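Some notes on the structure that comes next.
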Amino acid sequence: MIKAGEERMEQAGRWARGVLAGTSVAVLLAFGGPVAAAEQVPVAAAEIKLTFAPVVRAVAPAVVNIFSQRVITESQVPPMFADPLFRRFLEERGMLGKPRERVQRSLGSGVILRSEGVVVTNAHVVNGASEITVALNDRREFPAELVGLDPRADLAVLRIKSDTPLPSLALADGEPPEVGDLVLAIGNPFGVGQTVTSGIVSAQARTTAGISDYRFFIQTDAAINPGNSGGALVDLSGRLVGINTAIYSRDGGSVGIGFAIPVEMVRSVVEGILADGKVRHPWLGADGQSVTTELASHMGLDRPLGVAITDVAKGGPAAKAGLAEGDVILALDGRPVFEGETLRYRIATHRPGDKVVLGIRRDGKDATLAVTLEAPPEDPPRDTTLLKGSHPFDGAEVSNMNPALAEELGLEKASRGVTVTGLGDGVAARIGIRPGDRVIEVNGKAIDAVRDLKAAISKPSRVWQVVVDRDGRAVRLVLGG
């Protein structure tokens, strides 16, 4: 029995090494199970000594360490006096202590994508930094310029200058890695220096990780730890398949669940920033909800899949292509759309002007629609206004919501009306108005545009009654009385 077990373990070892050999034949798995078209058993000593070292040697020079620092201003006002009313009282009497400044340093990783010095990393690594330094694994260091960032995708582009071409990493083309594919994660965890870990792609299209607005990630069990953010996830051909961005952890350490931003999103963001200095995500002009089991049964679908369209913007790209309320989007360019997050991600990897093909279900029949994506429009004009005076919105910045503003704010839907887009010291903050609130009524008067709100607050009142929409819930605020 022991000998038989040893033989099976040796057979399993030969099969596992055969996975790396890359030639497909039929072999027996460990424990005796036949598998068709599995990987070849190694037949030469060289095959038994397979290693990731050649891949690492080719890739590692293009993975860099990123050191950033930002100046943090801390108020010396005791917490009990942090309220804007008390702060104003202290300022008027010269009793407010001078703010204290301290330098906050952070560590991350990055990848050189072009030999002239274009580097990609996570936006959260460099956002707000006053100074950024990029260090190569040969110990050269360069000051870096922030070219642009996209907080929604959690990606940023830096540029460094060198007298000689820099090592760079090629982006993977074609289909994303499959579950089970071997990958390497390279970065600078905990600041100990460049580290390489190996694992497999353990899940694709992971949408439950709320790391960025586009919740669509490659999940891997290759160890990723703090400091790896912005580092490379590469396949065994040495091509970049993702940018490591976060981990699932209960204590800050790796538990074998890491997330990487897929390379198609990286490509879209980098090209957009290099071309325009900012990312211009396209607009479909339609909103919907993920198909639930109940909806699937009602629509004749054999499983909960796709996005049921509930609203189509008049004159938008979707409307021009013929998409209608009640349609279900099942695929985009032949790739399945599992739920709303998948659709948003697939749209975001394109640029305005791109053409996409939607696979839809309408009245029980399948069809396709060709859609030319557009930049989100400024319609109606946002008319951003900072309000001051003796009224409930003192200190609030408000805007007319439109698709372009919704895109900037990371909102899934551009609900028309007046939205609070900023908040400073003033009455609005004290009575509980929050950024993101949509103003519905003021003293019984419906508010549809900034001009309506200006008119409503221009009339003095002893009692102010305000109704706002907050995350789909009506909130009533009263001032005076």
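Within each chain, counting starts at residue 1; across the structure tokens, chains are named A, B, ... in the order shown, with ligands numbered 1 upward in that order.
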
Report task. Within 9 Å of Asn127 (chain A), counting only C-alpha atoms, which residues show up once you throw out same-chain ones fewer than 3 positions away? Write them as a list in words, please. Result -> Arg70, Asn122, Ala123, His124, Leu149, Pro151 and Ala156 of chain A

Using all heavy atoms, can you export the residues from the last selection as a PDB file, in the first residue's frame?
```
ATOM      1  N   ARG A  70       3.016  62.982   1.066  1.00  0.00           N
ATOM      2  CA  ARG A  70       2.043  64.076   1.005  1.00  0.00           C
ATOM      3  C   ARG A  70       2.046  64.797   2.340  1.00  0.00           C
ATOM      4  O   ARG A  70       2.332  64.208   3.389  1.00  0.00           O
ATOM      5  CB  ARG A  70       0.650  63.528   0.677  1.00  0.00           C
ATOM      6  CG  ARG A  70       0.175  62.444   1.594  1.00  0.00           C
ATOM      7  CD  ARG A  70      -1.198  61.918   1.201  1.00  0.00           C
ATOM      8  NE  ARG A  70      -1.245  61.375  -0.131  1.00  0.00           N
ATOM      9  CZ  ARG A  70      -0.903  60.132  -0.445  1.00  0.00           C
ATOM     10  NH1 ARG A  70      -0.462  59.319   0.504  1.00  0.00           N
ATOM     11  NH2 ARG A  70      -0.977  59.690  -1.670  1.00  0.00           N
ATOM     12  N   ASN A 122      -1.321  52.108  -9.010  1.00  0.00           N
ATOM     13  CA  ASN A 122      -2.654  52.374  -8.476  1.00  0.00           C
ATOM     14  C   ASN A 122      -2.807  53.845  -8.129  1.00  0.00           C
ATOM     15  O   ASN A 122      -1.867  54.486  -7.634  1.00  0.00           O
ATOM     16  CB  ASN A 122      -2.921  51.552  -7.222  1.00  0.00           C
ATOM     17  CG  ASN A 122      -3.220  50.092  -7.511  1.00  0.00           C
ATOM     18  OD1 ASN A 122      -2.775  49.209  -6.791  1.00  0.00           O
ATOM     19  ND2 ASN A 122      -3.984  49.821  -8.555  1.00  0.00           N
ATOM     20  N   ALA A 123      -3.997  54.384  -8.357  1.00  0.00           N
ATOM     21  CA  ALA A 123      -4.250  55.781  -8.009  1.00  0.00           C
ATOM     22  C   ALA A 123      -4.094  56.005  -6.514  1.00  0.00           C
ATOM     23  O   ALA A 123      -3.598  57.054  -6.081  1.00  0.00           O
ATOM     24  CB  ALA A 123      -5.657  56.186  -8.467  1.00  0.00           C
ATOM     25  N   HIS A 124      -4.491  55.037  -5.693  1.00  0.00           N
ATOM     26  CA  HIS A 124      -4.419  55.264  -4.250  1.00  0.00           C
ATOM     27  C   HIS A 124      -2.979  55.297  -3.729  1.00  0.00           C
ATOM     28  O   HIS A 124      -2.736  55.743  -2.605  1.00  0.00           O
ATOM     29  CB  HIS A 124      -5.240  54.210  -3.487  1.00  0.00           C
ATOM     30  CG  HIS A 124      -4.644  52.833  -3.461  1.00  0.00           C
ATOM     31  ND1 HIS A 124      -5.066  51.822  -4.299  1.00  0.00           N
ATOM     32  CD2 HIS A 124      -3.664  52.290  -2.696  1.00  0.00           C
ATOM     33  CE1 HIS A 124      -4.377  50.717  -4.027  1.00  0.00           C
ATOM     34  NE2 HIS A 124      -3.516  50.990  -3.061  1.00  0.00           N
ATOM     35  N   LEU A 149      -4.569  60.548 -13.429  1.00  0.00           N
ATOM     36  CA  LEU A 149      -5.075  59.381 -12.702  1.00  0.00           C
ATOM     37  C   LEU A 149      -6.573  59.248 -12.897  1.00  0.00           C
ATOM     38  O   LEU A 149      -7.270  60.198 -13.241  1.00  0.00           O
ATOM     39  CB  LEU A 149      -4.709  59.433 -11.221  1.00  0.00           C
ATOM     40  CG  LEU A 149      -5.040  60.669 -10.373  1.00  0.00           C
ATOM     41  CD1 LEU A 149      -6.497  60.680  -9.958  1.00  0.00           C
ATOM     42  CD2 LEU A 149      -4.167  60.708  -9.137  1.00  0.00           C
ATOM     43  N   PRO A 151      -9.350  57.825 -10.489  1.00  0.00           N
ATOM     44  CA  PRO A 151      -9.718  57.228  -9.202  1.00  0.00           C
ATOM     45  C   PRO A 151     -10.789  56.154  -9.340  1.00  0.00           C
ATOM     46  O   PRO A 151     -10.835  55.209  -8.544  1.00  0.00           O
ATOM     47  CB  PRO A 151     -10.228  58.425  -8.389  1.00  0.00           C
ATOM     48  CG  PRO A 151      -9.613  59.630  -9.039  1.00  0.00           C
ATOM     49  CD  PRO A 151      -9.540  59.286 -10.494  1.00  0.00           C
ATOM     50  N   ALA A 156      -3.212  55.082 -12.101  1.00  0.00           N
ATOM     51  CA  ALA A 156      -2.526  56.354 -12.328  1.00  0.00           C
ATOM     52  C   ALA A 156      -1.360  56.122 -13.280  1.00  0.00           C
ATOM     53  O   ALA A 156      -0.771  55.037 -13.320  1.00  0.00           O
ATOM     54  CB  ALA A 156      -2.018  56.940 -11.011  1.00  0.00           C
TER      55      ALA A 156
END
```

Excluding same-chain residues fewer than 6 positions from Ala318 (chain A), what lies within 10 Å of it counting only C-alpha atoms, as a PDB file with N, CA, C and O atoms, in the first residue's frame?
```pdb
ATOM      1  N   TRP A 283     -20.219  56.620 -22.825  1.00  0.00           N
ATOM      2  CA  TRP A 283     -21.592  56.626 -22.305  1.00  0.00           C
ATOM      3  C   TRP A 283     -22.466  55.771 -23.203  1.00  0.00           C
ATOM      4  O   TRP A 283     -22.466  55.937 -24.425  1.00  0.00           O
ATOM      5  N   LEU A 284     -23.188  54.848 -22.591  1.00  0.00           N
ATOM      6  CA  LEU A 284     -24.116  54.008 -23.340  1.00  0.00           C
ATOM      7  C   LEU A 284     -25.475  54.682 -23.485  1.00  0.00           C
ATOM      8  O   LEU A 284     -26.146  54.523 -24.505  1.00  0.00           O
ATOM      9  N   GLY A 285     -25.874  55.436 -22.460  1.00  0.00           N
ATOM     10  CA  GLY A 285     -27.169  56.100 -22.514  1.00  0.00           C
ATOM     11  C   GLY A 285     -28.324  55.189 -22.153  1.00  0.00           C
ATOM     12  O   GLY A 285     -29.436  55.352 -22.666  1.00  0.00           O
ATOM     13  N   ALA A 286     -28.073  54.228 -21.273  1.00  0.00           N
ATOM     14  CA  ALA A 286     -29.131  53.327 -20.819  1.00  0.00           C
ATOM     15  C   ALA A 286     -28.806  52.851 -19.412  1.00  0.00           C
ATOM     16  O   ALA A 286     -27.639  52.683 -19.056  1.00  0.00           O
ATOM     17  N   ASP A 287     -29.838  52.663 -18.618  1.00  0.00           N
ATOM     18  CA  ASP A 287     -29.687  52.143 -17.260  1.00  0.00           C
ATOM     19  C   ASP A 287     -30.541  50.896 -17.115  1.00  0.00           C
ATOM     20  O   ASP A 287     -31.547  50.722 -17.828  1.00  0.00           O
ATOM     21  N   VAL A 312     -33.886  54.380 -21.032  1.00  0.00           N
ATOM     22  CA  VAL A 312     -33.040  54.695 -22.184  1.00  0.00           C
ATOM     23  C   VAL A 312     -33.084  56.202 -22.407  1.00  0.00           C
ATOM     24  O   VAL A 312     -34.159  56.780 -22.583  1.00  0.00           O
ATOM     25  N   ALA A 324     -34.355  49.357 -26.225  1.00  0.00           N
ATOM     26  CA  ALA A 324     -35.602  49.835 -25.634  1.00  0.00           C
ATOM     27  C   ALA A 324     -35.763  49.277 -24.224  1.00  0.00           C
ATOM     28  O   ALA A 324     -35.140  48.274 -23.848  1.00  0.00           O
ATOM     29  N   LEU A 358     -24.138  44.692 -29.000  1.00  0.00           N
ATOM     30  CA  LEU A 358     -24.882  44.173 -27.856  1.00  0.00           C
ATOM     31  C   LEU A 358     -25.694  42.953 -28.281  1.00  0.00           C
ATOM     32  O   LEU A 358     -26.407  42.993 -29.302  1.00  0.00           O
ATOM     33  N   LEU A 369     -27.510  44.409 -31.594  1.00  0.00           N
ATOM     34  CA  LEU A 369     -27.585  45.834 -31.909  1.00  0.00           C
ATOM     35  C   LEU A 369     -26.180  46.399 -31.937  1.00  0.00           C
ATOM     36  O   LEU A 369     -25.380  46.144 -31.031  1.00  0.00           O
ATOM     37  N   ALA A 370     -25.854  47.186 -32.953  1.00  0.00           N
ATOM     38  CA  ALA A 370     -24.558  47.858 -33.043  1.00  0.00           C
ATOM     39  C   ALA A 370     -24.699  49.260 -32.455  1.00  0.00           C
ATOM     40  O   ALA A 370     -25.552  50.036 -32.895  1.00  0.00           O
ATOM     41  N   VAL A 371     -23.874  49.579 -31.473  1.00  0.00           N
ATOM     42  CA  VAL A 371     -23.959  50.858 -30.769  1.00  0.00           C
ATOM     43  C   VAL A 371     -22.635  51.593 -30.903  1.00  0.00           C
ATOM     44  O   VAL A 371     -21.569  51.016 -30.654  1.00  0.00           O
ATOM     45  N   THR A 372     -22.694  52.856 -31.281  1.00  0.00           N
ATOM     46  CA  THR A 372     -21.507  53.714 -31.283  1.00  0.00           C
ATOM     47  C   THR A 372     -21.505  54.520 -29.993  1.00  0.00           C
ATOM     48  O   THR A 372     -22.369  55.366 -29.772  1.00  0.00           O
ATOM     49  N   LEU A 373     -20.548  54.242 -29.122  1.00  0.00           N
ATOM     50  CA  LEU A 373     -20.487  54.900 -27.819  1.00  0.00           C
ATOM     51  C   LEU A 373     -20.113  56.372 -27.977  1.00  0.00           C
ATOM     52  O   LEU A 373     -19.387  56.751 -28.898  1.00  0.00           O
ATOM     53  N   GLU A 374     -20.592  57.190 -27.064  1.00  0.00           N
ATOM     54  CA  GLU A 374     -20.321  58.627 -27.096  1.00  0.00           C
ATOM     55  C   GLU A 374     -19.789  59.090 -25.744  1.00  0.00           C
ATOM     56  O   GLU A 374     -19.909  58.398 -24.739  1.00  0.00           O
TER      57      GLU A 374
END
```

**Report entry** For Leu477 (chain A): contacts at 9 Å, only C-alpha atoms, fewer than 6 positions along chain excluded, given as a count of residues only
**Finding:** 8

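With distances restricted to only C-alpha atoms, A:Leu479 is the closest residue to His391 (chain A) from A:Leu323, A:Ile360, A:Leu479, A:Ala308.
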
Requested in this report: Skip region 225-236 of chain A itself and residues of its chain fewer than 6 positions away, then list as a ChimeraX atom specification all residues within 9 Å of it, counting only C-alpha atoms.
Outcome: /A:52,55,59,63-66,106-111,120-125,155,172,177,181-191,195,242-247,252-254,258,260

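Separating CA of Ser461 (chain A) from CA of Asp425 (chain A) is a distance of 21.2 Å.
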
Query raised in the report: Using only C-alpha atoms, which residue out of A:Val398, A:Phe393, A:Arg346, A:His281 lies closest to Ala456 (chain A)?
Result: A:Phe393

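CA of Arg239 (chain A) is positioned 14.2 Å from CA of Ile261 (chain A).
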